[in-house]
Amino acid sequence: MTSNMRAVEITEFGSPEVLQLGARPVPKAGQGELLIRVLASGVNRPDVIQRKGHYAPPPGASDIPGLEVAGVVESGDEQAMARVGIKVGDRVCALVAGGGYAELCVAPVEQCLPVPKGFSDIEAASLPETFYTVWSNVFDRGRLQAGEVLLIQGGSSGIGVTAIQLGKAFGATVIVTAGTDKKCQDCLELGADHAINYKTQDFVAEVKRITDGKGADVVLDMVAGDYVAREAECLAEDGRIVIIAVQGGVQSGFNAGLVLRRRLTITGSTLRPRPVEFKAAIARALHERVWPLLESGKVRPIIHSVFPAADAAKAHALMESNQHTGKIILTWGS
């Protein structure tokens, strides 16, 4: 193995053009870790925020962007790999705290999952960040149950298309918001029961109409800001809002009396800084409950665009344009 590898670097904070292909030393896997020969890397909204200088990697994580990869195990802690049934040469996908936009990436063994049977590396690279996030927030924090109503803000995003499919797979009624009629139609074709164009319709009134006044049981919120107050207005009794991003701002005002009277829960989380043990528990749940759905075709990855790693700037520009439905992927060819 050579001592250097190609990696996409943030040369300075700013626009997509600051992403440049450079050379970095090959990272070394430590205790409880393995080294992956990366064949595809997922592009996610946190990568964009990091590029702009607003989302620093957790302590000890690589400054190279990228939170999810798929590829082949090159080496690693053999005892740790044996405990989870992984060996050198296996195809895996992994959630990482950084370093994903590179030819080689270190990942905690327990945050790796086998590539689902029949999946390409591109498809596998689209899974970890969104599936970990949706499982942790919709099902663990949000406690979504069969028969409940799930409202997804931003249904055409990578998170959104995953939440639609998992919500339906586990028996929920799914309502989404999206910014164009085309995106609304895309969400309906993925299985959403109802789609609301938030630019031309009042999502509060629409959710109440769709649910005959009852409201949504769980809201997956990537906006925050003034959306929180509006979401509280269309929650059912004992409803839960789970905030996973703050694209609409960090300041939120809401009717606290409504929270009291209807016993509402407003919560949220960020996954990146959580410890390996926390993410390992999510990985086990995904392997047991979601991977069979992927391998059977009941849930599928939604890939919008694929770019060579050298075109990472174009991938970020597309993400910021909000013109995509589904995931954006980088590939590492020879």
# chains A, B, ... in the order shown; residues from 1 in each chain; ligands from 1
>>> select_by_dssp(residues="stretch 101-313 of chain A", states="strand (DSSP E)", output="PyMOL selection string")
chain A and resi 104-108+112-114+149-153+173-178+194-197+216-221+235-243+265-268+303-308
>>> closest_atom_pairs(of="stretch 228-272 of chain A", to="stretch 109-131 of chain A", cutoff="12 Å", atoms="only C-alpha atoms", output="Markdown table")
| residue | atom | partner | partner_atom | distance |
| --- | --- | --- | --- | --- |
| A:Ile244 | CA | A:Thr130 | CA | 11.3 |
| A:Thr270 | CA | A:Glu129 | CA | 11.5 |
| A:Leu271 | CA | A:Glu129 | CA | 9.0 |
| A:Arg272 | CA | A:Glu129 | CA | 9.4 |
>>> write_last_selection(atoms="all heavy atoms", output="PDB file, in the first residue's frame")
ATOM      1  N   ILE A 244     -33.725  17.667  13.696  1.00  0.00           N
ATOM      2  CA  ILE A 244     -32.418  17.108  13.337  1.00  0.00           C
ATOM      3  C   ILE A 244     -31.541  18.092  12.567  1.00  0.00           C
ATOM      4  O   ILE A 244     -30.388  17.782  12.264  1.00  0.00           O
ATOM      5  CB  ILE A 244     -32.565  15.793  12.538  1.00  0.00           C
ATOM      6  CG1 ILE A 244     -33.298  16.033  11.220  1.00  0.00           C
ATOM      7  CG2 ILE A 244     -33.240  14.720  13.377  1.00  0.00           C
ATOM      8  CD1 ILE A 244     -33.220  14.850  10.262  1.00  0.00           C
ATOM      9  N   THR A 270     -28.132  15.409  17.424  1.00  0.00           N
ATOM     10  CA  THR A 270     -27.133  15.322  16.371  1.00  0.00           C
ATOM     11  C   THR A 270     -26.409  14.002  16.560  1.00  0.00           C
ATOM     12  O   THR A 270     -26.092  13.611  17.682  1.00  0.00           O
ATOM     13  CB  THR A 270     -26.126  16.480  16.437  1.00  0.00           C
ATOM     14  OG1 THR A 270     -25.510  16.492  17.730  1.00  0.00           O
ATOM     15  CG2 THR A 270     -26.807  17.814  16.196  1.00  0.00           C
ATOM     16  N   LEU A 271     -26.161  13.320  15.464  1.00  0.00           N
ATOM     17  CA  LEU A 271     -25.591  11.970  15.540  1.00  0.00           C
ATOM     18  C   LEU A 271     -24.062  11.972  15.523  1.00  0.00           C
ATOM     19  O   LEU A 271     -23.428  11.148  16.186  1.00  0.00           O
ATOM     20  CB  LEU A 271     -26.126  11.145  14.363  1.00  0.00           C
ATOM     21  CG  LEU A 271     -25.777   9.662  14.306  1.00  0.00           C
ATOM     22  CD1 LEU A 271     -26.251   8.933  15.552  1.00  0.00           C
ATOM     23  CD2 LEU A 271     -26.390   9.034  13.052  1.00  0.00           C
ATOM     24  N   ARG A 272     -23.475  12.909  14.810  1.00  0.00           N
ATOM     25  CA  ARG A 272     -22.032  12.867  14.559  1.00  0.00           C
ATOM     26  C   ARG A 272     -21.169  12.779  15.824  1.00  0.00           C
ATOM     27  O   ARG A 272     -20.221  11.996  15.867  1.00  0.00           O
ATOM     28  CB  ARG A 272     -21.632  14.091  13.730  1.00  0.00           C
ATOM     29  CG  ARG A 272     -20.213  14.044  13.175  1.00  0.00           C
ATOM     30  CD  ARG A 272     -19.937  15.274  12.337  1.00  0.00           C
ATOM     31  NE  ARG A 272     -18.679  15.193  11.626  1.00  0.00           N
ATOM     32  CZ  ARG A 272     -18.183  16.173  10.869  1.00  0.00           C
ATOM     33  NH1 ARG A 272     -18.866  17.294  10.735  1.00  0.00           N
ATOM     34  NH2 ARG A 272     -17.029  16.036  10.254  1.00  0.00           N
TER      35      ARG A 272
END
>>> residues_around(residues="stretch 94-101 of chain A", least_positions_apart="2", cutoff="6 Å", atoms="only C-alpha atoms", output="PyMOL selection string")
chain A and resi 7-8+61-62+64-69+105+107+111-112+128+272
>>> closest_residue(among="A:Leu190, A:Ile241, A:Ala313, A:Val204", to="A:Asp217", atoms="only C-alpha atoms")
A:Ile241
>>> atom_distance(atom1="atom CA of A:Leu235", atom2="atom CA of A:Arg262")
8.4 Å
>>> residues_around(residues="A:Ala245", least_positions_apart="5", cutoff="12 Å", atoms="only C-alpha atoms", output="MDAnalysis selection string")
chainID A and resid 45:46 49 55 133 137 153:154 159 220:225 227:228 250 267:271
>>> atom_distance(atom1="atom CA of A:Thr331", atom2="atom CA of A:Arg37")
11.7 Å
>>> closest_residue(among="A:Pro273, A:Gly158, A:Gly179, A:Gly167", to="A:Asn44", atoms="only C-alpha atoms")
A:Gly158
>>> atom_distance(atom1="atom CA of A:Val38", atom2="atom CA of A:Ala70")
5.8 Å
>>> residues_around(residues="A:Ile266", least_positions_apart="6", cutoff="8 Å", atoms="only C-alpha atoms", output="tab-separated table (two decimals) with C-alpha atoms, in the first residue's frame")
chain	number	residue	atom	x	y	z
A	240	ARG	CA	-43.52	14.40	19.25
A	241	ILE	CA	-41.39	16.85	17.24
A	242	VAL	CA	-37.85	15.64	16.53
A	243	ILE	CA	-35.46	18.33	15.26
>>> residues_around(residues="A:Lys183", least_positions_apart="6", cutoff="9 Å", atoms="only C-alpha atoms", output="PyMOL selection string")
chain A and resi 155-156+177+195+197+323-325
>>> residues_around(residues="A:Asn4", least_positions_apart="2", cutoff="12 Å", atoms="only C-alpha atoms", output="JSON, numbers by chain")
{"A": [1, 2, 6, 7, 22, 23, 24, 25, 26, 27, 28, 102, 103, 104]}
>>> write_last_selection(atoms="C-alpha atoms", output="CSV table (one decimal), in the first residue's frame")
chain,number,residue,atom,x,y,z
A,1,MET,CA,0.0,0.0,0.0
A,2,THR,CA,1.3,3.5,-0.8
A,6,ARG,CA,-6.2,11.0,-2.8
A,7,ALA,CA,-8.7,13.0,-0.7
A,22,GLY,CA,-5.3,16.6,-2.8
A,23,ALA,CA,-2.9,14.1,-1.3
A,24,ARG,CA,-3.1,12.9,2.4
A,25,PRO,CA,-1.2,10.3,4.4
A,26,VAL,CA,-3.1,7.0,4.5
A,27,PRO,CA,-4.8,6.8,7.9
A,28,LYS,CA,-4.1,3.9,10.3
A,102,ALA,CA,-11.0,9.9,0.5
A,103,GLU,CA,-9.6,6.7,-1.1
A,104,LEU,CA,-9.0,5.1,2.3
>>> closest_residue(among="A:Phe170, A:Phe13, A:Phe203, A:Trp135", to="A:Gly53", atoms="only C-alpha atoms")
A:Phe13
>>> select_by_dssp(residues="stretch 286-319 of chain A", states="helix (DSSP H, G or I)", output="PDB file with C-alpha atoms, in the first residue's frame")
ATOM      1  CA  LEU A 286     -30.605  -1.646  11.322  1.00  0.00           C
ATOM      2  CA  HIS A 287     -28.970  -4.991  10.544  1.00  0.00           C
ATOM      3  CA  GLU A 288     -31.771  -6.886  12.257  1.00  0.00           C
ATOM      4  CA  ARG A 289     -34.810  -4.888  11.194  1.00  0.00           C
ATOM      5  CA  TRP A 291     -31.315  -4.776   6.121  1.00  0.00           C
ATOM      6  CA  PRO A 292     -33.838  -7.577   5.350  1.00  0.00           C
ATOM      7  CA  LEU A 293     -36.168  -4.913   3.899  1.00  0.00           C
ATOM      8  CA  LEU A 294     -33.360  -3.637   1.668  1.00  0.00           C
ATOM      9  CA  GLU A 295     -32.397  -7.107   0.485  1.00  0.00           C
ATOM     10  CA  SER A 296     -36.024  -7.978  -0.272  1.00  0.00           C
ATOM     11  CA  ALA A 309     -14.612  12.500  -6.462  1.00  0.00           C
ATOM     12  CA  ALA A 310     -12.681  15.159  -8.378  1.00  0.00           C
ATOM     13  CA  ASP A 311     -16.045  16.856  -9.025  1.00  0.00           C
ATOM     14  CA  ALA A 312     -17.005  17.163  -5.347  1.00  0.00           C
ATOM     15  CA  ALA A 313     -17.567  20.891  -5.881  1.00  0.00           C
ATOM     16  CA  LYS A 314     -20.262  20.106  -8.478  1.00  0.00           C
ATOM     17  CA  ALA A 315     -21.883  17.649  -6.062  1.00  0.00           C
ATOM     18  CA  HIS A 316     -22.044  20.312  -3.344  1.00  0.00           C
ATOM     19  CA  ALA A 317     -23.410  22.897  -5.776  1.00  0.00           C
ATOM     20  CA  LEU A 318     -26.202  20.487  -6.686  1.00  0.00           C
ATOM     21  CA  MET A 319     -27.015  19.848  -3.038  1.00  0.00           C
TER      22      MET A 319
END
>>> closest_residue(among="A:Ala256, A:Ala56, A:Ala280, A:Val106", to="A:Gly30", atoms="only C-alpha atoms")
A:Val106
